[in-house]
Every structure is written in structure tokens, then in C-alpha cells.
Amino acid sequence: MLSITAHNLSKTFGSVVALQDVNLAIRAGEFYGLLGPNGAGKTTLLRILSGLLTADSGELEIHAANGHAQIIGVVPQEIALYEVLTARENLKVFGSVMGLRGAQLSARSAQVLEWVGLEDRAKSKVKTFSGGMMRRLNLTVGLLADPPVMLLDEPTVGVDPQSRAKIFGLLSELHASGKTIIYTTHYMEEAERLCQRIGILDHGRLLAEGSLSDLLAKVKLPRFVRVHGAFEQQKLPAMDGVECTPHDDYADYVPRANSDLGALITRINQSGLRFERLEIKGANLETLFLQLTGTELRD
Ligand SMILES: Nc1ncnc2c1ncn2[C@@H]1O[C@H](COP(=O)(O)OP(=O)(O)O)[C@@H](O)[C@H]1O
Ligand SMILES: [Mg+2]
């Protein structure tokens with residue numbers, strides 16, 4: 001049975017603490033997301049997990065069932081492709097490094113190119129590709145050897161919405177096919193949408209970990225009502241037991257204690273306030289991140 005376990009991994013670069021005492025236990029077949037802002041240590045952690053980098057201290061144990069030539073496939077954050085070669089030639093070069101040869105390599109290359117929708121561009125040079133196409137080809141390199149574990153480092157950065165949707169679809173398919181996926185992102189919507197378990201990393205520390213609902217249960221902020229409209233501050237009705245925070249084109253009504261939002265909405269309606277739209281806002285990873293770190297997840 002596959003397992004990846006890390007105990008107290010730490011790594012410094014000069015005076016920069018990139019990772020500090022990170023503990024991680026990844027289960028077989030899991031889709032695990034590492035969420036954190038730039039500089040949090042995500043790439044450093046993936047590089048250690050993939051064996052490209054050694055931790056200063058701590059232990060890493062990776063067990064896999066026999067029969068895989070390669071256990072871990074890596075899709076790096078920086079696109080690593082030869083631009084003067086065609087898509088197929090790139091796969092040939094990377095495939096031979098992985099020990100794939102001849103008919104097996106050709107067949108597998110055709111398969112992964114088709115899978116990411118690049119089969120009709122197999123003979124085009126990579127330098128003619130859009131950013132999204134390069135990202136997708138970058139993904140095929142990690143998949144060539146059909147490893148049971150895939151580590152993907154921000155695979156949607158800098159891609160157009162269409163390629164992004166395509167990559168999401170591919171990742172879901174990979175997961176459904178039984179692969180274990182460890183995925184980093186600084187976009188919380190991605191982590192919320194894709195991952196079964198999420199670890200929140202900031203300044204090299206894993207601050208919280210769990211399923212989305214586990215994590216949201218840690219958020220202390222109650223649900224609140226956001227009314228949209230261009231309000232002038234003095235016209236916003238005050239309400240007992242409710243904090244009203246005006247913004248440019250909306251205002252938040254946050255109950256001081258967990259209270260009945262239905263009753264609050266009725267009070268807002270009865271106050272005669274004219275608004276365009278009303279929304280119930282709940283806890284999300286953003287509010288959790290803010291609560292854990294005191295800062296917003298920087299882009
Ligand atoms: N090879 C390196 N040399 C020096 N500093 C590094 C190196 N790699 C990463 N760092 C530093 O370690 C910290 C974590 O970086 P990284 O793991 O790339 O974060 P992330 O991927 O979350 O953006 C950053 O402060 C970064 O500047
Ligand atoms: Mg990174």
C-alpha cells in the first residue's frame with residue numbers, strides 16, 4: 001500500500017527558513033492540496049517529497065507497491081520543456097531519461113498527448129505554443145511513466161481560463177483513475193474545489209490541515225449578511241447585536257453572536273434599506289487564512 005509520511009521536515013536557505021517542522025501523512029489515492037502564498041515553502045516541500053532536494057532535518061518515508069519503475073511523477077512550477085523541439089520530441093527526450101524506449105515510448109507519448117488535447121500539435125515546435133498549451137505539455141511529461149503519485153506545483157499559474165478548466169478536468173480524471181495527487185496552489189478557490197484534504201502553509205509552517213469542512217469548522221467568524229448597493233454610510237440602519245461595516249458598494253451585517261440569519265434578513269428588509277442584492281456569506285478558506293496568519297492570502 002502506498003504511503004508518504006514526513007516527520008518534522010525543516011529546510012533553510014541561508015537565513016531564510018523555507019520549512020519548519022512540517023509533518024505530513026498522505027494516504028493512497030488522496031487528492032491533497034497545499035495552499036499558501038508565494039514564498040510559503042510549497043515548492044521546497046514538493047522538491048523534498050520528490051527527492052530533488054534534501055531536508056536539513058526530519059524524516060521522509062515513502063512506501064509503494066512493487067511494480068512501478070517510477071513512483072513519483074513531478075510537474076514543476078517552472079515549465080521545463082525544450083522550445084525548439086516539437087511536443088513529441090520533448091516526450092521522447094524526457095521519456096528516454098525515464099527509461100522508456102521504442103514502441104512503448106511512442107504509444108505512451110501519443111496517449112498522453114491525446115489526453116491533454118495536444119495530439120494535433122504533436123509535430124509542432126513548443127515555441128509556437130500558448131502558455132496554456134505549454135502547461136498541458138508540462139503535465140504530460142510528469143505522466144509519461146504512469147507513476148502512482150503525481151506532485152504538481154501550481155499547474156494553473158498563468159494559463160487562460162479554458163486551459164485552466166481543462167487542467168482541472170484532467171486532474172479530476174487522474175484522481176478518479178486512482179492516482180495519489182499532491183497539488184500546490186495559492187488560489188483558494190482551486191483548493192476548495194479540487195482537494196479532499198488541504199494543508200495551509202505559511203512561512204514554512206503547516207498551520208492547519210484537514211478536509212474543507214474540518215477547516216471551515218475552525219473559523220470563528222459567524223455567517224453574516226452582505227447587502228450590495230451604493231450606500232451612504234448614514235443611511236445604513238443600525239441593528240442591535242449586529243456589527244455593520246460599510247464598504248464602497250456593499251455593507252456587511254455581522255451578528256456579534258451566532259444568531260438567526262433569517263431574522264436578520266427580515267430586519268434588513270423591514271428597515272426600508274434599498275439594496276440591489278443580498279447575500280449570505282459564510283466562512284471560507286480566506287477567512288480561515290486571515291484568522292490563522294493575520295494576513296490575507298497574497299497573490
Ligand atoms: N534555492 C533557494 N535558495 C535560496 N532561497 C530559496 C531557494 N528556494 C526557495 N528559497 C526561499 O525559500 C522560501 C520558500 O520558497 P518556495 O518553497 O519557493 O515557496 P513557494 O513555492 O510557496 O512560493 C522563499 O523565501 C524563497 O525565497
Ligand atoms: Mg512555488
# chains A, B, ... in the order shown; residues from 1 in each chain; ligands from 1
$ residues_near_ligand --ligand "ligand 1" --cutoff "6 Å" --atoms "only C-alpha atoms and all ligand atoms" --output "PyMOL selection string"
chain A and resi 13+16+18+37-44
$ select_by_dssp --residues "region 69-139 of chain A" --states "alpha helix (DSSP H)" --output "VMD selection string"
chain A and resid 87 to 97 102 to 115 131 to 139
$ residues_around --residues "Gly132 (chain A)" --least-positions-apart "4" --cutoff "9 Å" --atoms "only C-alpha atoms" --output "list in words"
Arg136, Leu137, Thr156, Gly158, Val159, Asp160, Pro161, Gln162, Ser163 and Arg164 of chain A
$ select_by_dssp --residues "region 60-241 of chain A" --states "strand (DSSP E or B)" --output "NGL selection string"
:A and (60-63 or 72-75 or 86 or 125 or 149-153 or 180-185 or 197-202 or 205-210 or 224-228)
$ residues_around --residues "Leu34 (chain A)" --least-positions-apart "2" --cutoff "12 Å" --atoms "only C-alpha atoms" --output "PyMOL selection string"
chain A and resi 22+24+26+31-32+36-38+40-46+151-154+181-188+190-192+194-202+204-211
$ write_last_selection --atoms "N, CA and C atoms" --output "CSV table (one decimal), in the first residue's frame"
chain,number,residue,atom,x,y,z
A,22,VAL,N,7.7,20.4,9.4
A,22,VAL,CA,6.4,20.0,8.7
A,22,VAL,C,6.2,18.5,8.8
A,24,LEU,N,3.5,15.5,7.7
A,24,LEU,CA,2.6,15.2,6.6
A,24,LEU,C,2.3,13.7,6.5
A,26,ILE,N,0.3,11.4,3.8
A,26,ILE,CA,-0.6,11.4,2.6
A,26,ILE,C,-1.0,9.9,2.4
A,31,PHE,N,-6.3,13.2,-2.9
A,31,PHE,CA,-6.0,14.4,-3.6
A,31,PHE,C,-5.8,15.5,-2.5
A,32,TYR,N,-4.5,15.7,-2.3
A,32,TYR,CA,-4.1,16.6,-1.2
A,32,TYR,C,-3.6,17.9,-1.7
A,36,GLY,N,-0.9,28.0,0.0
A,36,GLY,CA,-0.1,29.0,0.7
A,36,GLY,C,0.3,30.1,-0.3
A,37,PRO,N,0.6,31.3,0.3
A,37,PRO,CA,1.0,32.4,-0.6
A,37,PRO,C,2.4,32.2,-1.2
A,38,ASN,N,2.8,33.0,-2.1
A,38,ASN,CA,4.2,32.9,-2.6
A,38,ASN,C,5.2,33.0,-1.5
A,40,ALA,N,5.7,30.7,0.7
A,40,ALA,CA,5.3,29.9,1.9
A,40,ALA,C,6.1,28.7,2.1
A,41,GLY,N,6.7,28.1,1.0
A,41,GLY,CA,7.5,26.9,1.2
A,41,GLY,C,7.0,25.7,0.4
A,42,LYS,N,6.0,26.0,-0.4
A,42,LYS,CA,5.3,24.9,-1.2
A,42,LYS,C,6.2,24.1,-2.1
A,43,THR,N,7.0,24.9,-2.9
A,43,THR,CA,7.9,24.3,-3.9
A,43,THR,C,9.0,23.5,-3.1
A,44,THR,N,9.5,24.1,-2.1
A,44,THR,CA,10.5,23.5,-1.3
A,44,THR,C,10.0,22.1,-0.8
A,45,LEU,N,8.8,22.1,-0.3
A,45,LEU,CA,8.2,20.9,0.3
A,45,LEU,C,8.1,19.8,-0.9
A,46,LEU,N,7.6,20.2,-2.0
A,46,LEU,CA,7.4,19.3,-3.1
A,46,LEU,C,8.7,18.8,-3.6
A,151,LEU,N,3.1,14.8,-8.2
A,151,LEU,CA,3.3,16.1,-7.5
A,151,LEU,C,3.2,17.2,-8.5
A,152,LEU,N,2.2,18.1,-8.3
A,152,LEU,CA,2.0,19.2,-9.2
A,152,LEU,C,2.2,20.5,-8.5
A,153,ASP,N,3.1,21.3,-9.1
A,153,ASP,CA,3.4,22.6,-8.4
A,153,ASP,C,2.8,23.7,-9.2
A,154,GLU,N,1.7,24.2,-8.7
A,154,GLU,CA,0.9,25.4,-9.3
A,154,GLU,C,0.7,25.2,-10.8
A,181,ILE,N,-2.5,12.4,-5.5
A,181,ILE,CA,-2.1,13.7,-6.1
A,181,ILE,C,-1.8,14.6,-5.0
A,182,ILE,N,-0.6,15.2,-5.1
A,182,ILE,CA,-0.3,16.3,-4.2
A,182,ILE,C,-0.1,17.6,-5.0
A,183,TYR,N,-0.8,18.6,-4.7
A,183,TYR,CA,-1.0,19.7,-5.6
A,183,TYR,C,-0.8,21.0,-4.8
A,184,THR,N,0.0,21.9,-5.3
A,184,THR,CA,0.1,23.2,-4.6
A,184,THR,C,-0.6,24.3,-5.4
A,185,THR,N,-1.1,25.2,-4.6
A,185,THR,CA,-1.7,26.4,-5.2
A,185,THR,C,-1.8,27.6,-4.3
A,186,HIS,N,-1.8,28.8,-4.8
A,186,HIS,CA,-2.1,29.9,-4.0
A,186,HIS,C,-3.5,30.4,-4.2
A,187,TYR,N,-4.3,29.7,-5.0
A,187,TYR,CA,-5.7,30.1,-5.2
A,187,TYR,C,-6.6,29.2,-4.3
A,188,MET,N,-7.3,29.9,-3.4
A,188,MET,CA,-8.1,29.1,-2.5
A,188,MET,C,-9.3,28.5,-3.2
A,190,GLU,N,-9.3,27.0,-6.0
A,190,GLU,CA,-8.9,25.8,-6.5
A,190,GLU,C,-8.8,24.7,-5.4
A,191,ALA,N,-8.2,25.1,-4.3
A,191,ALA,CA,-8.1,24.1,-3.2
A,191,ALA,C,-9.5,23.7,-2.7
A,192,GLU,N,-10.4,24.7,-2.6
A,192,GLU,CA,-11.7,24.4,-2.1
A,192,GLU,C,-12.4,23.4,-3.1
A,194,LEU,N,-11.0,21.3,-5.6
A,194,LEU,CA,-10.4,20.1,-6.0
A,194,LEU,C,-10.0,19.1,-4.9
A,195,CYS,N,-9.6,19.6,-3.8
A,195,CYS,CA,-8.8,18.8,-2.9
A,195,CYS,C,-9.7,18.1,-1.8
A,196,GLN,N,-9.4,16.9,-1.5
A,196,GLN,CA,-10.1,16.2,-0.4
A,196,GLN,C,-9.6,16.6,0.9
A,197,ARG,N,-8.3,16.9,1.0
A,197,ARG,CA,-7.6,17.4,2.2
A,197,ARG,C,-6.7,18.5,1.8
A,198,ILE,N,-6.7,19.5,2.7
A,198,ILE,CA,-5.9,20.7,2.4
A,198,ILE,C,-5.0,21.0,3.6
A,199,GLY,N,-3.7,21.3,3.3
A,199,GLY,CA,-2.8,21.8,4.3
A,199,GLY,C,-2.5,23.3,4.0
A,200,ILE,N,-2.6,24.1,5.1
A,200,ILE,CA,-2.4,25.5,4.9
A,200,ILE,C,-0.9,25.8,5.4
A,201,LEU,N,-0.1,26.3,4.4
A,201,LEU,CA,1.3,26.5,4.7
A,201,LEU,C,1.5,28.0,4.6
A,202,ASP,N,2.3,28.5,5.6
A,202,ASP,CA,2.7,29.9,5.6
A,202,ASP,C,4.0,30.0,6.3
A,204,GLY,N,6.7,28.6,5.9
A,204,GLY,CA,7.3,27.3,6.2
A,204,GLY,C,6.7,26.4,7.2
A,205,ARG,N,5.5,26.9,7.7
A,205,ARG,CA,4.8,26.0,8.7
A,205,ARG,C,3.5,25.6,8.3
A,206,LEU,N,3.2,24.4,8.6
A,206,LEU,CA,1.8,23.9,8.3
A,206,LEU,C,0.9,24.3,9.4
A,207,LEU,N,0.0,25.2,9.1
A,207,LEU,CA,-0.8,25.9,10.2
A,207,LEU,C,-2.0,25.1,10.5
A,208,ALA,N,-2.6,24.5,9.5
A,208,ALA,CA,-3.8,23.7,9.7
A,208,ALA,C,-3.9,22.7,8.6
A,209,GLU,N,-4.7,21.7,8.8
A,209,GLU,CA,-4.8,20.6,7.8
A,209,GLU,C,-6.1,19.9,8.0
A,210,GLY,N,-6.8,19.5,7.0
A,210,GLY,CA,-8.0,18.8,7.1
A,210,GLY,C,-8.8,18.9,5.8
A,211,SER,N,-10.0,18.3,5.9
A,211,SER,CA,-10.9,18.4,4.8
A,211,SER,C,-11.5,19.9,4.8
$ atom_distance --atom1 "CA of Leu52 (chain A)" --atom2 "CA of Leu81 (chain A)"
17.7 Å
$ residues_around --residues "region 239-253 of chain A" --least-positions-apart "2" --cutoff "8 Å" --atoms "only C-alpha atoms" --output "PyMOL selection string"
chain A and resi 224-231+233+237+255-257
$ atom_distance --atom1 "CA of Ser106 (chain A)" --atom2 "CA of Val93 (chain A)"
11.4 Å
$ atom_distance --atom1 "CA of Glu276 (chain A)" --atom2 "CA of Glu232 (chain A)"
14.0 Å
$ residues_around --residues "region 60-69 of chain A" --least-positions-apart "5" --cutoff "6 Å" --atoms "only C-alpha atoms" --output "list of chain:residue names"
A:Met1, A:Leu2, A:Ser3, A:Ile4, A:Thr5, A:Ala6
$ closest_residue --among "A:Gly117, A:Phe289, A:Gly33, A:Leu278" --to "Thr266 (chain A)" --atoms "only C-alpha atoms"
A:Leu278
